[in-house]
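**Q** Dropping in model-v1.cif, with mmCIF, C-alpha atoms.
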```
data_start
#
loop_
_atom_site.label_atom_id
_atom_site.label_comp_id
_atom_site.auth_asym_id
_atom_site.auth_seq_id
_atom_site.Cartn_x
_atom_site.Cartn_y
_atom_site.Cartn_z
CA MET V 1 22.08 46.70 -15.07
CA GLU V 2 22.02 50.38 -15.83
CA GLN V 3 25.17 52.28 -16.73
CA THR V 4 24.95 55.58 -14.87
CA LYS V 5 25.90 58.52 -17.07
CA SER V 6 28.22 60.42 -14.78
CA TYR V 7 30.02 60.43 -11.46
CA ASP V 8 27.73 63.18 -10.12
CA GLU V 9 24.57 61.35 -11.20
CA LEU V 10 25.82 58.17 -9.55
CA ILE V 11 26.51 60.01 -6.28
CA GLU V 12 23.07 61.62 -6.45
CA LYS V 13 21.34 58.29 -7.07
CA ILE V 14 23.17 56.56 -4.21
CA THR V 15 22.88 59.37 -1.65
CA THR V 16 19.18 59.86 -2.42
CA PHE V 17 18.59 56.15 -1.71
CA ILE V 18 20.62 56.25 1.51
CA ASN V 19 18.67 59.26 2.78
CA GLU V 20 15.33 57.74 1.72
CA ILE V 21 15.91 54.59 3.78
CA GLY V 22 16.59 56.67 6.89
CA ILE V 23 20.36 57.13 7.05
CA THR V 24 21.50 60.74 6.95
CA CYS V 25 24.02 61.14 4.14
CA MET V 26 25.21 64.68 3.46
CA PRO V 27 28.02 66.44 1.66
CA GLY V 28 30.74 68.07 3.71
CA SER V 29 34.42 68.88 3.83
CA LEU V 30 36.71 66.09 5.05
CA THR V 31 40.39 65.53 5.50
CA GLU V 32 42.23 62.89 3.52
CA ASP V 33 42.69 60.53 6.47
CA THR V 34 39.35 58.69 6.50
CA PHE V 35 39.19 54.91 6.22
CA LEU V 36 37.41 55.06 2.85
CA PRO V 37 38.53 58.12 0.90
CA GLY V 38 35.97 60.91 1.02
CA ILE V 39 33.56 59.28 3.53
CA ASP V 40 33.23 59.61 7.27
CA ILE V 41 30.61 58.46 9.77
CA LYS V 42 29.95 60.55 12.86
CA ASN V 43 27.14 59.77 15.31
CA GLY V 44 25.40 57.55 12.77
CA LYS V 45 25.47 60.15 10.00
CA MET V 46 27.42 59.83 6.79
CA ILE V 47 29.44 62.75 5.46
CA TYR V 48 30.98 62.62 2.02
CA ASP V 49 33.38 64.93 0.23
CA THR V 50 33.17 64.73 -3.55
CA GLN V 51 36.67 66.22 -3.82
CA LEU V 52 38.09 63.16 -2.01
CA LEU V 53 35.55 60.42 -2.83
CA LYS V 54 37.19 58.01 -5.28
CA TYR V 55 34.50 55.34 -5.62
CA PRO V 56 30.82 56.31 -5.25
CA GLY V 57 29.94 52.67 -4.49
CA ASP V 58 31.85 53.04 -1.23
CA LEU V 59 28.92 55.17 -0.05
CA LEU V 60 26.67 52.11 -0.27
CA HIS V 61 29.22 50.00 1.56
CA ASP V 62 29.40 52.43 4.47
CA ALA V 63 25.60 52.80 4.47
CA GLY V 64 25.48 49.02 4.77
CA HIS V 65 27.63 49.19 7.89
CA LEU V 66 25.05 51.49 9.44
CA ALA V 67 22.04 49.56 8.13
CA VAL V 68 23.01 46.27 9.80
CA LEU V 69 23.43 47.87 13.23
CA LEU V 70 20.72 47.94 15.86
CA PRO V 71 19.12 51.41 16.09
CA ASN V 72 20.94 52.36 19.32
CA ASP V 73 24.30 51.30 17.88
CA ARG V 74 23.54 53.04 14.58
CA ALA V 75 22.89 56.33 16.37
CA VAL V 76 26.38 56.38 17.91
CA ALA V 77 28.33 54.75 15.06
CA GLN V 78 31.71 56.28 14.19
CA SER V 79 34.11 55.25 11.46
CA PRO V 80 36.31 53.37 11.39
CA ASP V 81 36.18 51.73 14.80
CA LYS V 82 32.55 51.81 16.00
CA LEU V 83 30.77 50.07 13.13
CA SER V 84 30.18 46.59 14.56
CA GLY V 85 27.69 47.15 17.37
CA ASP V 86 26.60 43.78 18.76
CA LEU V 87 28.34 41.93 15.91
CA HIS V 88 31.85 40.58 15.56
CA GLU V 89 33.77 42.73 13.06
CA ALA V 90 33.89 39.90 10.49
CA GLY V 91 30.15 39.32 10.80
CA ALA V 92 29.44 43.01 10.44
CA GLU V 93 31.57 43.11 7.29
CA MET V 94 29.86 40.06 5.76
CA ALA V 95 26.40 41.44 6.48
CA THR V 96 27.46 44.80 5.02
CA ILE V 97 28.77 43.20 1.83
CA CYS V 98 25.52 41.26 1.38
CA TRP V 99 23.43 44.37 2.09
CA SER V 100 25.48 46.29 -0.49
CA TRP V 101 24.70 43.65 -3.13
CA ALA V 102 20.97 44.02 -2.42
CA ALA V 103 21.23 47.83 -2.61
CA MET V 104 23.14 47.55 -5.89
CA HIS V 105 20.31 45.45 -7.33
CA HIS V 106 17.67 47.80 -5.98
CA LEU V 107 19.39 50.75 -7.66
CA ASN V 108 20.02 48.78 -10.87
CA LEU V 109 23.78 49.36 -10.76
CA GLU V 110 26.63 47.30 -12.14
CA PRO V 111 28.43 45.12 -9.55
CA GLU V 112 31.69 46.93 -10.25
CA VAL V 113 30.21 50.13 -8.80
CA ILE V 114 30.22 48.50 -5.37
CA PHE V 115 32.90 45.87 -5.83
CA HIS V 116 35.50 47.95 -7.62
CA PRO V 117 39.02 46.59 -8.25
CA HIS V 118 40.58 48.82 -5.60
CA GLY V 119 38.44 47.57 -2.73
CA TYR V 120 37.97 44.44 -0.68
CA ARG V 121 41.71 43.74 -0.47
CA GLY V 122 41.80 42.67 -4.10
CA GLY V 123 38.85 40.29 -3.68
CA ALA V 124 36.17 42.28 -5.50
CA GLU V 125 36.13 39.99 -8.54
CA SER V 126 35.77 36.93 -6.29
CA LEU V 127 32.87 38.56 -4.45
CA ILE V 128 31.09 39.35 -7.72
CA GLY V 129 31.59 35.75 -8.83
CA ALA V 130 30.28 34.38 -5.53
CA PHE V 131 27.17 36.54 -5.55
CA ASN V 132 26.49 35.88 -9.23
CA SER V 133 26.64 32.13 -8.52
CA GLY V 134 24.17 32.40 -5.63
CA SER V 135 26.72 32.16 -2.83
CA TYR V 136 25.44 35.07 -0.79
CA ILE V 137 28.12 35.86 1.76
CA GLY V 138 26.44 37.35 4.82
CA LEU V 139 22.89 36.32 3.92
CA PRO V 140 22.37 34.23 7.09
CA LEU V 141 22.93 37.38 9.15
CA LEU V 142 20.47 39.45 7.10
CA GLN V 143 17.94 36.62 7.55
CA TRP V 144 18.58 36.46 11.29
CA PHE V 145 17.95 40.21 11.47
CA GLY V 146 14.62 39.68 9.63
CA MET V 147 15.70 41.90 6.74
CA THR V 148 15.25 39.37 3.90
CA ASN V 149 14.82 35.65 3.11
CA ASP V 150 17.06 33.07 1.48
CA PRO V 151 15.71 32.56 -2.06
CA ALA V 152 16.59 28.86 -1.87
CA LYS V 153 14.29 28.45 1.14
CA CYS V 154 11.31 30.48 -0.04
CA THR V 155 8.27 28.32 -0.66
CA SER V 156 5.91 30.86 -2.21
CA PRO V 157 6.27 33.69 -4.70
CA GLU V 158 4.85 36.13 -2.12
CA GLU V 159 7.91 35.76 0.10
CA ILE V 160 10.48 38.52 -0.23
CA ALA V 161 13.69 36.82 -1.29
CA PHE V 162 17.21 38.21 -1.45
CA PRO V 163 18.35 40.41 -3.16
CA GLN V 164 15.02 42.05 -2.36
CA MET V 165 14.78 43.33 1.18
CA LYS V 166 11.87 43.45 3.62
CA TYR V 167 13.64 46.20 5.55
CA TRP V 168 16.69 48.25 4.67
CA LEU V 169 17.50 49.03 8.30
CA ARG V 170 17.88 46.50 11.08
CA LYS V 171 15.24 46.92 13.77
#
```
Could you write out this file's structure as structure tokens?
**A**
Amino acid sequence: MEQTKSYDELIEKITTFINEIGITCMPGSLTEDTFLPGIDIKNGKMIYDTQLLKYPGDLLHDAGHLAVLLPNDRAVAQSPDKLSGDLHEAGAEMATICWSWAAMHHLNLEPEVIFHPHGYRGGAESLIGAFNSGSYIGLPLLQWFGMTNDPAKCTSPEEIAFPQMKYWLRK
């Protein structure tokens, strides 16, 4: 995986990807009381404040929350309490975590960018271990949404298998 040279370059790489897949992600001024420091979601759009953003990988996590929502739910999503749509909160979180792992691979980032030690209620290291061992938490949901395939169940090399994605946004 690539080591990104600087904080600003990492933010640029991540926000460019988020915008390219169809989620609006723009800089703005925020207060300190957002769920993830320096990030807010209003009406399906992400706003980030580099003065408050502690972990650039959190941008991918929040983008994942939007990506796994149906389009109508995505358009009205608000953080922190309107990010589940038609999903149970735990299911939305698992799908988001799995989506984040795929995005991390796509961007050629280190796992610690997404799963930093200060996130996931102290379980970041366990998540990295699970994903590295092929235990893809949330993958059944991404499959159900038609976004990717389970690599263990693919029968031909032409099939798109996780961590590659057929679609970055749920349809």
**Q** List as a list in words the protein and nucleic acid residues near Phe115 in chain V, meaning an atom at most 8 Å away when only C-alpha atoms are counted, but skip any in the same chain fewer than 4 places from it.
**A**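 In the requested form, the answer reads Gly57, Pro111, Gly119, Tyr120, Ala124, Glu125, Leu127 and Ile128 of chain V.
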**Q** Between range 86-164 of chain V and range 58-82 of chain V, at 7 Å or less, what are the per-residue closest atom pairs and their distances in Å? Count only C-alpha atoms, order by chain and rising residue number, and return it as JSON lines.
**A**
```
{"residue": "V:Ala92", "atom": "CA", "partner": "V:His65", "partner_atom": "CA", "distance": 6.9}
{"residue": "V:Ala95", "atom": "CA", "partner": "V:Val68", "partner_atom": "CA", "distance": 6.8}
{"residue": "V:Thr96", "atom": "CA", "partner": "V:Gly64", "partner_atom": "CA", "distance": 4.7}
{"residue": "V:Ile97", "atom": "CA", "partner": "V:His61", "partner_atom": "CA", "distance": 6.8}
{"residue": "V:Trp99", "atom": "CA", "partner": "V:Gly64", "partner_atom": "CA", "distance": 5.7}
{"residue": "V:Ser100", "atom": "CA", "partner": "V:His61", "partner_atom": "CA", "distance": 5.7}
{"residue": "V:Ile114", "atom": "CA", "partner": "V:Asp58", "partner_atom": "CA", "distance": 6.4}
```
**Q** Set the distance at 9 Å and use all atoms listed in the file: which residues neighbour Thr15 in chain V once local chain neighbours fewer than 2 positions away are removed? I'd like the list as a compact mmCIF listing (two decimals) with C-alpha atoms, in the coordinates of the input.
**A**
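Dumped everything to result_7.txt:
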```txt
# COMPACT_ATOMS: atom_id res chain seq x y z
CA LEU V 10 25.82 58.17 -9.55
CA ILE V 11 26.51 60.01 -6.28
CA GLU V 12 23.07 61.62 -6.45
CA LYS V 13 21.34 58.29 -7.07
CA PHE V 17 18.59 56.15 -1.71
CA ILE V 18 20.62 56.25 1.51
CA ASN V 19 18.67 59.26 2.78
CA GLU V 20 15.33 57.74 1.72
CA THR V 24 21.50 60.74 6.95
CA CYS V 25 24.02 61.14 4.14
CA MET V 26 25.21 64.68 3.46
CA LEU V 59 28.92 55.17 -0.05
CA LEU V 60 26.67 52.11 -0.27
```
**Q** Translate the PyMOL selection byres ((chain V and resi 145) around 12), as applied to the file shown, into an explicit residue set as a PDB file with C-alpha atoms, in the frame of the given file.
**A**
```
ATOM      1  CA  ALA V  67      22.040  49.560   8.130  1.00  0.00           C
ATOM      2  CA  VAL V  68      23.010  46.270   9.800  1.00  0.00           C
ATOM      3  CA  LEU V  69      23.430  47.870  13.230  1.00  0.00           C
ATOM      4  CA  LEU V  70      20.720  47.940  15.860  1.00  0.00           C
ATOM      5  CA  ASP V  86      26.600  43.780  18.760  1.00  0.00           C
ATOM      6  CA  LEU V  87      28.340  41.930  15.910  1.00  0.00           C
ATOM      7  CA  ALA V  92      29.440  43.010  10.440  1.00  0.00           C
ATOM      8  CA  ALA V  95      26.400  41.440   6.480  1.00  0.00           C
ATOM      9  CA  TRP V  99      23.430  44.370   2.090  1.00  0.00           C
ATOM     10  CA  GLY V 138      26.440  37.350   4.820  1.00  0.00           C
ATOM     11  CA  LEU V 139      22.890  36.320   3.920  1.00  0.00           C
ATOM     12  CA  PRO V 140      22.370  34.230   7.090  1.00  0.00           C
ATOM     13  CA  LEU V 141      22.930  37.380   9.150  1.00  0.00           C
ATOM     14  CA  LEU V 142      20.470  39.450   7.100  1.00  0.00           C
ATOM     15  CA  GLN V 143      17.940  36.620   7.550  1.00  0.00           C
ATOM     16  CA  TRP V 144      18.580  36.460  11.290  1.00  0.00           C
ATOM     17  CA  GLY V 146      14.620  39.680   9.630  1.00  0.00           C
ATOM     18  CA  MET V 147      15.700  41.900   6.740  1.00  0.00           C
ATOM     19  CA  THR V 148      15.250  39.370   3.900  1.00  0.00           C
ATOM     20  CA  ASN V 149      14.820  35.650   3.110  1.00  0.00           C
ATOM     21  CA  MET V 165      14.780  43.330   1.180  1.00  0.00           C
ATOM     22  CA  LYS V 166      11.870  43.450   3.620  1.00  0.00           C
ATOM     23  CA  TYR V 167      13.640  46.200   5.550  1.00  0.00           C
ATOM     24  CA  TRP V 168      16.690  48.250   4.670  1.00  0.00           C
ATOM     25  CA  LEU V 169      17.500  49.030   8.300  1.00  0.00           C
ATOM     26  CA  ARG V 170      17.880  46.500  11.080  1.00  0.00           C
ATOM     27  CA  LYS V 171      15.240  46.920  13.770  1.00  0.00           C
TER      28      LYS V 171
END
```
**Q** Which residue, V:Tyr55, V:Cys98, V:Glu158, V:Gly22, has the smallest gap to Gly38 in chain V when you use all atoms listed in the file?
**A**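 Smallest distance to Gly38 in chain V is found for V:Tyr55.
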**Q** Please indicate the distance in Å from CA of Leu83 in chain V to CA of Asp150 in chain V, rounded to one decimal place.
**A**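 Separation between CA of Leu83 in chain V and CA of Asp150 in chain V: 24.8 Å.
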**Q** To one decimal in Å, tell me the separation between CA of Ala102 in chain V and CA of Gln164 in chain V.
**A**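 These two atoms are separated by 6.3 Å.
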**Q** Between CA of Pro37 in chain V and CA of Ala130 in chain V, what distance in Å does the model show, to one decimal?
**A**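 Separation of CA of Pro37 in chain V and CA of Ala130 in chain V: 25.9 Å.
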**Q** Between V:Gly122, V:Pro27, V:Pro56, V:Gly44, which residue has the minimum interatomic distance to Ile14 in chain V, considering all atoms listed in the file?
**A** V:Pro56
**Q** How would you write, as a CSV table (one decimal) with C-alpha atoms, in the coordinates of the input, the residues chosen by the PyMOL selection byres ((chain V and resi 28) around 9) on this structure?
**A**
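selection06.csv written:
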```csv
chain,number,residue,atom,x,y,z
V,26,MET,CA,25.2,64.7,3.5
V,27,PRO,CA,28.0,66.4,1.7
V,29,SER,CA,34.4,68.9,3.8
V,30,LEU,CA,36.7,66.1,5.0
V,47,ILE,CA,29.4,62.8,5.5
V,48,TYR,CA,31.0,62.6,2.0
V,49,ASP,CA,33.4,64.9,0.2
V,50,THR,CA,33.2,64.7,-3.6
```
**Q** Pick the closest to Lys54 in chain V from V:His105, V:His116, V:His88, V:Arg121: which is it, counting only C-alpha atoms?
**A**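 That would be V:His116, the residue with the smallest distance to Lys54 in chain V.
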**Q** Residues near Ala152 in chain V, anyone? I mean within 12 Å using all atoms listed in the file, not counting same-chain ones fewer than 3 positions away, as a list in words.
**A**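 Once the adjacent positions are removed, what remains is Gly134, Ser135, Tyr136, Leu139, Pro140, Asn149, Thr155, Ser156, Pro157, Glu159, Ile160, Ala161, Phe162 and Pro163 of chain V.
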**Q** Kindly indicate which residue among V:Ile39, V:Cys154, V:Leu107, V:Val113 lies nearest to Thr16 in chain V, using all atoms listed in the file for the distances.
**A**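 Comparing V:Ile39, V:Cys154, V:Leu107, V:Val113 against Thr16 in chain V, the winner is V:Leu107.
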